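Dumped work-v9.json below, it's JSON, C-alpha atoms and all ligand atoms:
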[["chain", "number", "residue", "atom", "x", "y", "z"],
["Y", 1, "MET", "CA", -1.83, 13.28, 0.14],
["Y", 2, "ILE", "CA", -3.69, 11.47, -2.61],
["Y", 3, "VAL", "CA", -4.04, 7.74, -1.98],
["Y", 4, "ALA", "CA", -4.87, 5.40, -4.88],
["Y", 5, "ILE", "CA", -7.02, 2.46, -3.81],
["Y", 6, "ALA", "CA", -8.02, -0.66, -5.71],
["Y", 7, "THR", "CA", -9.34, -4.10, -4.89],
["Y", 8, "ASP", "CA", -10.41, -7.29, -6.54],
["Y", 9, "HIS", "CA", -13.63, -9.05, -5.53],
["Y", 10, "GLY", "CA", -11.86, -10.75, -2.59],
["Y", 11, "GLY", "CA", -11.21, -7.41, -0.91],
["Y", 12, "PHE", "CA", -14.32, -5.63, -2.10],
["Y", 13, "ALA", "CA", -16.25, -5.98, 1.18],
["Y", 14, "LEU", "CA", -13.47, -4.09, 3.01],
["Y", 15, "LYS", "CA", -13.03, -1.34, 0.42],
["Y", 16, "ASP", "CA", -15.55, 1.15, 1.84],
["Y", 17, "THR", "CA", -13.98, 0.85, 5.29],
["Y", 18, "VAL", "CA", -10.59, 1.65, 3.79],
["Y", 19, "LEU", "CA", -11.91, 4.61, 1.77],
["Y", 20, "GLN", "CA", -13.52, 6.01, 4.89],
["Y", 21, "ALA", "CA", -10.38, 5.54, 7.00],
["Y", 22, "VAL", "CA", -8.26, 7.35, 4.41],
["Y", 23, "ARG", "CA", -10.68, 10.28, 4.33],
["Y", 24, "GLU", "CA", -10.93, 10.42, 8.12],
["Y", 25, "ALA", "CA", -7.14, 10.65, 8.24],
["Y", 26, "GLY", "CA", -7.40, 13.81, 6.12],
["Y", 27, "HIS", "CA", -6.31, 12.40, 2.77],
["Y", 28, "GLU", "CA", -7.87, 12.30, -0.68],
["Y", 29, "VAL", "CA", -8.93, 9.02, -2.30],
["Y", 30, "LEU", "CA", -8.37, 8.01, -5.92],
["Y", 31, "ASP", "CA", -10.78, 5.06, -6.22],
["Y", 32, "LEU", "CA", -9.62, 2.80, -9.06],
["Y", 33, "GLY", "CA", -12.16, 0.02, -8.50],
["Y", 34, "THR", "CA", -13.38, -2.58, -8.60],
["Y", 35, "HIS", "CA", -16.89, -1.25, -8.14],
["Y", 36, "SER", "CA", -18.87, -4.46, -7.61],
["Y", 37, "PRO", "CA", -18.36, -7.89, -6.01],
["Y", 38, "GLU", "CA", -18.17, -9.52, -9.45],
["Y", 39, "ALA", "CA", -15.00, -11.57, -9.95],
["Y", 40, "VAL", "CA", -12.08, -9.74, -11.57],
["Y", 41, "ASP", "CA", -8.33, -10.39, -11.97],
["Y", 42, "TYR", "CA", -6.20, -8.74, -9.26],
["Y", 43, "PRO", "CA", -3.09, -7.97, -11.42],
["Y", 44, "GLU", "CA", -5.11, -5.43, -13.38],
["Y", 45, "TYR", "CA", -5.92, -3.52, -10.18],
["Y", 46, "ALA", "CA", -2.35, -3.67, -8.93],
["Y", 47, "ALA", "CA", -1.31, -2.15, -12.27],
["Y", 48, "LEU", "CA", -3.82, 0.71, -11.95],
["Y", 49, "VAL", "CA", -2.45, 1.74, -8.55],
["Y", 50, "GLY", "CA", 1.17, 1.32, -9.67],
["Y", 51, "GLU", "CA", 0.56, 3.51, -12.70],
["Y", 52, "ALA", "CA", -1.19, 6.17, -10.63],
["Y", 53, "ILE", "CA", 1.81, 6.39, -8.32],
["Y", 54, "ASN", "CA", 4.39, 6.32, -11.11],
["Y", 55, "ASP", "CA", 2.43, 8.96, -13.07],
["Y", 56, "GLY", "CA", 2.33, 11.24, -10.01],
["Y", 57, "LYS", "CA", -1.47, 11.02, -9.67],
["Y", 58, "ALA", "CA", -1.14, 9.53, -6.18],
["Y", 59, "GLU", "CA", 1.61, 9.51, -3.58],
["Y", 60, "ARG", "CA", 0.74, 6.17, -2.00],
["Y", 61, "GLY", "CA", -1.55, 3.24, -2.64],
["Y", 62, "ILE", "CA", -3.66, 0.68, -0.83],
["Y", 63, "LEU", "CA", -4.49, -2.62, -2.51],
["Y", 64, "LEU", "CA", -6.88, -5.31, -1.36],
["Y", 65, "CYS", "CA", -7.57, -8.86, -2.42],
["Y", 66, "GLY", "CA", -8.78, -11.91, -0.50],
["Y", 67, "SER", "CA", -5.50, -12.61, 1.28],
["Y", 68, "GLY", "CA", -3.52, -9.53, 0.22],
["Y", 69, "ILE", "CA", -0.93, -11.84, -1.31],
["Y", 70, "GLY", "CA", -1.73, -12.00, -5.01],
["Y", 71, "ILE", "CA", -2.21, -8.29, -5.47],
["Y", 72, "CYS", "CA", 0.95, -7.61, -3.44],
["Y", 73, "ILE", "CA", 3.06, -9.93, -5.58],
["Y", 74, "ALA", "CA", 1.67, -8.26, -8.70],
["Y", 75, "ALA", "CA", 2.32, -4.74, -7.38],
["Y", 76, "ASN", "CA", 5.94, -5.54, -6.55],
["Y", 77, "LYS", "CA", 6.58, -6.42, -10.21],
["Y", 78, "ILE", "CA", 6.10, -2.74, -11.05],
["Y", 79, "LYS", "CA", 9.26, -0.64, -10.91],
["Y", 80, "GLY", "CA", 9.00, 2.03, -8.23],
["Y", 81, "ILE", "CA", 6.39, 0.16, -6.23],
["Y", 82, "TYR", "CA", 7.33, -1.11, -2.77],
["Y", 83, "ALA", "CA", 4.29, -3.03, -1.57],
["Y", 84, "ALA", "CA", 3.81, -5.14, 1.53],
["Y", 85, "ILE", "CA", 1.07, -6.84, 3.44],
["Y", 86, "ALA", "CA", 0.75, -5.38, 6.92],
["Y", 87, "HIS", "CA", -1.94, -6.86, 9.10],
["Y", 88, "ASP", "CA", -0.66, -5.13, 12.23],
["Y", 89, "THR", "CA", -0.06, -1.45, 12.95],
["Y", 90, "TYR", "CA", 3.66, -1.83, 13.76],
["Y", 91, "SER", "CA", 4.44, -3.26, 10.31],
["Y", 92, "ALA", "CA", 2.19, -0.67, 8.66],
["Y", 93, "HIS", "CA", 4.20, 2.28, 9.96],
["Y", 94, "GLN", "CA", 7.64, 0.66, 10.17],
["Y", 95, "GLY", "CA", 7.41, -0.47, 6.53],
["Y", 96, "VAL", "CA", 7.14, 3.19, 5.53],
["Y", 97, "GLU", "CA", 9.67, 4.50, 8.04],
["Y", 98, "HIS", "CA", 12.47, 2.04, 7.32],
["Y", 99, "ASP", "CA", 11.64, 0.43, 3.96],
["Y", 100, "ALA", "CA", 9.95, 3.24, 1.99],
["Y", 101, "MET", "CA", 6.86, 1.09, 1.47],
["Y", 102, "ASN", "CA", 4.52, 3.08, -0.78],
["Y", 103, "VAL", "CA", 1.70, 0.55, -1.16],
["Y", 104, "LEU", "CA", -0.12, -1.17, 1.70],
["Y", 105, "CYS", "CA", -1.75, -4.51, 0.85],
["Y", 106, "LEU", "CA", -4.62, -5.90, 2.90],
["Y", 107, "GLY", "CA", -6.51, -9.18, 2.87],
["Y", 108, "GLY", "CA", -10.24, -8.58, 2.83],
["Y", 109, "ARG", "CA", -10.91, -12.16, 3.89],
["Y", 110, "ILE", "CA", -8.43, -11.90, 6.78],
["Y", 111, "LEU", "CA", -8.92, -8.55, 8.38],
["Y", 112, "GLY", "CA", -11.93, -7.09, 10.20],
["Y", 113, "PRO", "CA", -12.94, -3.46, 9.70],
["Y", 114, "GLU", "CA", -11.57, -2.05, 12.96],
["Y", 115, "PRO", "CA", -8.03, -3.46, 12.60],
["Y", 116, "ALA", "CA", -8.11, -2.35, 8.95],
["Y", 117, "ARG", "CA", -8.94, 1.22, 9.93],
["Y", 118, "GLU", "CA", -6.11, 1.38, 12.46],
["Y", 119, "ILE", "CA", -3.63, -0.18, 10.04],
["Y", 120, "VAL", "CA", -4.55, 2.27, 7.27],
["Y", 121, "LYS", "CA", -4.09, 5.20, 9.63],
["Y", 122, "ALA", "CA", -0.72, 3.89, 10.86],
["Y", 123, "PHE", "CA", 0.44, 3.53, 7.23],
["Y", 124, "LEU", "CA", -0.66, 7.02, 6.24],
["Y", 125, "SER", "CA", 0.75, 8.80, 9.27],
["Y", 126, "ALA", "CA", 4.24, 7.33, 8.79],
["Y", 127, "ARG", "CA", 7.05, 8.84, 6.71],
["Y", 128, "PHE", "CA", 10.38, 7.48, 5.51],
["Y", 129, "VAL", "CA", 13.11, 8.40, 8.03],
["Y", 130, "GLY", "CA", 16.13, 7.64, 5.81],
["Y", 131, "GLY", "CA", 16.89, 11.35, 5.37],
["Y", 132, "ASP", "CA", 16.94, 12.07, 9.11],
["Y", 133, "PRO", "CA", 20.22, 12.50, 11.03],
["Y", 134, "GLY", "CA", 21.37, 9.16, 12.38],
["Y", 135, "GLN", "CA", 18.96, 7.20, 10.16],
["Y", 136, "GLU", "CA", 21.13, 7.02, 7.03],
["Y", 137, "ARG", "CA", 21.29, 3.22, 7.25],
["Y", 138, "HIS", "CA", 17.69, 3.02, 6.06],
["Y", 139, "ALA", "CA", 18.43, 5.11, 2.96],
["Y", 140, "ARG", "CA", 21.47, 2.91, 2.27],
["Y", 141, "ARG", "CA", 19.36, -0.26, 2.50],
["Y", 142, "VAL", "CA", 16.58, 1.13, 0.33],
["Y", 143, "GLY", "CA", 19.23, 2.19, -2.18],
["Y", 144, "LYS", "CA", 20.40, -1.43, -2.32],
["Y", 145, "VAL", "CA", 16.82, -2.56, -2.90],
["Y", 146, "ARG", "CA", 16.52, -0.09, -5.78],
["Y", 147, "ARG", "CA", 19.74, -1.49, -7.28],
["Y", 148, "LEU", "CA", 18.23, -5.00, -7.12],
["Y", 149, "GLU", "CA", 15.22, -3.60, -8.95],
["Y", 150, "ASP", "CA", 17.56, -2.33, -11.67],
["Y", 151, "GLY", "CA", 19.08, -5.80, -12.01],
["Y", 152, "ALA", "CA", 22.37, -4.84, -10.36],
["N", 1, "LIG", "C1", -9.77, -14.38, -5.36],
["N", 1, "LIG", "O1", -10.60, -15.47, -5.13],
["N", 1, "LIG", "C2", -8.49, -14.52, -4.57],
["N", 1, "LIG", "O2", -7.71, -15.53, -5.11],
["N", 1, "LIG", "C3", -7.74, -13.21, -4.54],
["N", 1, "LIG", "O3", -8.56, -12.23, -4.02],
["N", 1, "LIG", "C4", -6.50, -13.15, -3.69],
["N", 1, "LIG", "O4", -6.74, -13.64, -2.41],
["N", 1, "LIG", "C5", -5.28, -13.68, -4.25],
["N", 1, "LIG", "O5", -4.21, -13.58, -3.60]]

Hey, can you dump this file as structure tokens for me?
Ligand code: RB5
Amino acid sequence: MIVAIATDHGGFALKDTVLQAVREAGHEVLDLGTHSPEAVDYPEYAALVGEAINDGKAERGILLCGSGIGICIAANKIKGIYAAIAHDTYSAHQGVEHDAMNVLCLGGRILGPEPAREIVKAFLSARFVGGDPGQERHARRVGKVRRLEDGA
């Protein structure tokens, strides 16, 4: 799959590790910046990844900032984006399997490179199970989330 990746300056030091982990997992990277450690505003980078997913240019996204929080809050303001911070591998795959998470958020000032690599791989190897026999409850719950998004 194509994975859109963006970071602000707070996550910049971890970006190359993430790009490499995505490629090692057999996926293609859409690198949407930032391209230097100079300070930038994280909502702009959340928007770039959200647009790439909503325009069909990427299937999933990975966003980084210092804590992962600001860019995750921003991403979740975009319709169709289901972003979460996962700083452990269980959350990284379960968020996709049960909650249809399509954007993984990481804190570049929190996470070391090795945990980041494992978390990225757990995120990318997971798939939403809501369509599987016996797993319909997850599709029902995600449907209710989508209705909240529509203001219902
Ligand atoms: C930037 O200094 C920092 O505030 C940002 O990267 C992020 O951690 C916000 O949540």

Hey, which residues sit close to ligand LIG 1 (chain N)? Say within 7 Å, counting all atoms listed in the file, and write them as a compact mmCIF listing (two decimals) with C-alpha atoms, in the coordinates of the input.
# COMPACT_ATOMS: atom_id res chain seq x y z
CA ASP Y 8 -10.41 -7.29 -6.54
CA HIS Y 9 -13.63 -9.05 -5.53
CA GLY Y 10 -11.86 -10.75 -2.59
CA GLY Y 11 -11.21 -7.41 -0.91
CA TYR Y 42 -6.20 -8.74 -9.26
CA CYS Y 65 -7.57 -8.86 -2.42
CA GLY Y 66 -8.78 -11.91 -0.50
CA SER Y 67 -5.50 -12.61 1.28
CA GLY Y 68 -3.52 -9.53 0.22
CA ILE Y 69 -0.93 -11.84 -1.31
CA GLY Y 70 -1.73 -12.00 -5.01
CA ILE Y 71 -2.21 -8.29 -5.47
CA GLY Y 107 -6.51 -9.18 2.87

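What separates atom CA of Val103 of chain Y from atom CA of Arg60 of chain Y is a distance of 5.8 Å.
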
Could you tell me which of Y:Pro113, Y:Gly134, Y:Gly151, Y:Gly26 comes closest to Leu14 of chain Y if we count all atoms listed in the file?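 Counting all atoms listed in the file, the residue closest to Leu14 of chain Y is Y:Pro113.
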
Please list as a list in words every residue within 9 Å of Glu59 of chain Y, counting all atoms listed in the file and excluding residues in the same chain fewer than 3 positions away.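 Close residues of Glu59 of chain Y: Met1, Ile2, Val3, Ala4, Ala52, Ile53, Asn54, Gly56 and Asn102 of chain Y.
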
Write the residues of the selection above to a file with C-alpha atoms, as a PDB file, in the frame of the given file.
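The file below, out_7.pdb, is the result:
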ATOM      1  CA  MET Y   1      -1.830  13.280   0.140  1.00  0.00           C
ATOM      2  CA  ILE Y   2      -3.690  11.470  -2.610  1.00  0.00           C
ATOM      3  CA  VAL Y   3      -4.040   7.740  -1.980  1.00  0.00           C
ATOM      4  CA  ALA Y   4      -4.870   5.400  -4.880  1.00  0.00           C
ATOM      5  CA  ALA Y  52      -1.190   6.170 -10.630  1.00  0.00           C
ATOM      6  CA  ILE Y  53       1.810   6.390  -8.320  1.00  0.00           C
ATOM      7  CA  ASN Y  54       4.390   6.320 -11.110  1.00  0.00           C
ATOM      8  CA  GLY Y  56       2.330  11.240 -10.010  1.00  0.00           C
ATOM      9  CA  ASN Y 102       4.520   3.080  -0.780  1.00  0.00           C
TER      10      ASN Y 102
END

Take atom CA of Cys105 of chain Y and atom CA of Ala86 of chain Y and report the distance between them in Å, one decimal.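 Distance reported for this atom pair: 6.6 Å.
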
Could you check which of Y:Leu32, Y:Ala46, Y:Met101, Y:Val40 is closest to Leu124 of chain Y, using all atoms listed in the file?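 The shortest atom-to-atom distance to Leu124 of chain Y comes from Y:Met101.
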
Could you jot down the atom CA of Gly131 of chain Y to atom CA of Gln94 of chain Y separation for me, Å, one decimal place?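 Those two atoms sit 14.9 Å apart.
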
Looking at all atoms listed in the file, which of Y:Ala152, Y:Ala139, Y:Leu111, Y:Ile81 is the one that sits closest to Asp55 of chain Y?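 Among the listed residues, Y:Ile81 lies closest to Asp55 of chain Y.
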
Using all atoms listed in the file, which residue out of Y:Leu19, Y:Gln135, Y:Leu104, Y:Ala126 lies closest to Val49 of chain Y? Y:Leu104

Missing atoms in segment 3-20 of chain Y need filling: write out N, CA and C atoms for it as a PDB file, in the coordinates of the input.
ATOM      1  N   VAL Y   3      -4.274   9.161  -2.184  1.00  0.00           N
ATOM      2  CA  VAL Y   3      -4.040   7.740  -1.980  1.00  0.00           C
ATOM      3  C   VAL Y   3      -4.864   6.957  -3.006  1.00  0.00           C
ATOM      4  N   ALA Y   4      -4.185   6.232  -3.879  1.00  0.00           N
ATOM      5  CA  ALA Y   4      -4.870   5.400  -4.880  1.00  0.00           C
ATOM      6  C   ALA Y   4      -5.265   4.078  -4.228  1.00  0.00           C
ATOM      7  N   ILE Y   5      -6.504   3.674  -4.441  1.00  0.00           N
ATOM      8  CA  ILE Y   5      -7.020   2.460  -3.810  1.00  0.00           C
ATOM      9  C   ILE Y   5      -7.662   1.580  -4.869  1.00  0.00           C
ATOM     10  N   ALA Y   6      -7.353   0.275  -4.810  1.00  0.00           N
ATOM     11  CA  ALA Y   6      -8.020  -0.660  -5.710  1.00  0.00           C
ATOM     12  C   ALA Y   6      -8.120  -2.016  -5.027  1.00  0.00           C
ATOM     13  N   THR Y   7      -9.090  -2.778  -5.454  1.00  0.00           N
ATOM     14  CA  THR Y   7      -9.340  -4.100  -4.890  1.00  0.00           C
ATOM     15  C   THR Y   7      -9.858  -5.038  -5.968  1.00  0.00           C
ATOM     16  N   ASP Y   8      -9.662  -6.326  -5.753  1.00  0.00           N
ATOM     17  CA  ASP Y   8     -10.410  -7.290  -6.540  1.00  0.00           C
ATOM     18  C   ASP Y   8     -11.665  -7.655  -5.748  1.00  0.00           C
ATOM     19  N   HIS Y   9     -12.393  -8.666  -6.213  1.00  0.00           N
ATOM     20  CA  HIS Y   9     -13.630  -9.050  -5.530  1.00  0.00           C
ATOM     21  C   HIS Y   9     -13.369  -9.580  -4.125  1.00  0.00           C
ATOM     22  N   GLY Y  10     -12.174 -10.171  -3.899  1.00  0.00           N
ATOM     23  CA  GLY Y  10     -11.860 -10.750  -2.590  1.00  0.00           C
ATOM     24  C   GLY Y  10     -11.698  -9.705  -1.496  1.00  0.00           C
ATOM     25  N   GLY Y  11     -11.365  -8.487  -1.894  1.00  0.00           N
ATOM     26  CA  GLY Y  11     -11.210  -7.410  -0.910  1.00  0.00           C
ATOM     27  C   GLY Y  11     -12.343  -6.414  -0.938  1.00  0.00           C
ATOM     28  N   PHE Y  12     -13.282  -6.646  -1.849  1.00  0.00           N
ATOM     29  CA  PHE Y  12     -14.320  -5.630  -2.100  1.00  0.00           C
ATOM     30  C   PHE Y  12     -15.108  -5.261  -0.840  1.00  0.00           C
ATOM     31  N   ALA Y  13     -15.419  -6.249  -0.010  1.00  0.00           N
ATOM     32  CA  ALA Y  13     -16.250  -5.980   1.180  1.00  0.00           C
ATOM     33  C   ALA Y  13     -15.552  -5.017   2.150  1.00  0.00           C
ATOM     34  N   LEU Y  14     -14.217  -4.964   2.090  1.00  0.00           N
ATOM     35  CA  LEU Y  14     -13.470  -4.090   3.010  1.00  0.00           C
ATOM     36  C   LEU Y  14     -13.175  -2.726   2.396  1.00  0.00           C
ATOM     37  N   LYS Y  15     -13.469  -2.562   1.106  1.00  0.00           N
ATOM     38  CA  LYS Y  15     -13.030  -1.340   0.420  1.00  0.00           C
ATOM     39  C   LYS Y  15     -13.636  -0.077   1.034  1.00  0.00           C
ATOM     40  N   ASP Y  16     -14.922  -0.072   1.321  1.00  0.00           N
ATOM     41  CA  ASP Y  16     -15.550   1.150   1.840  1.00  0.00           C
ATOM     42  C   ASP Y  16     -14.949   1.557   3.185  1.00  0.00           C
ATOM     43  N   THR Y  17     -14.633   0.566   4.001  1.00  0.00           N
ATOM     44  CA  THR Y  17     -13.980   0.850   5.290  1.00  0.00           C
ATOM     45  C   THR Y  17     -12.653   1.557   5.060  1.00  0.00           C
ATOM     46  N   VAL Y  18     -11.902   1.062   4.082  1.00  0.00           N
ATOM     47  CA  VAL Y  18     -10.590   1.650   3.790  1.00  0.00           C
ATOM     48  C   VAL Y  18     -10.739   3.069   3.235  1.00  0.00           C
ATOM     49  N   LEU Y  19     -11.680   3.258   2.330  1.00  0.00           N
ATOM     50  CA  LEU Y  19     -11.910   4.610   1.770  1.00  0.00           C
ATOM     51  C   LEU Y  19     -12.234   5.588   2.891  1.00  0.00           C
ATOM     52  N   GLN Y  20     -13.102   5.141   3.788  1.00  0.00           N
ATOM     53  CA  GLN Y  20     -13.520   6.010   4.890  1.00  0.00           C
ATOM     54  C   GLN Y  20     -12.344   6.326   5.814  1.00  0.00           C
TER      55      GLN Y  20
END
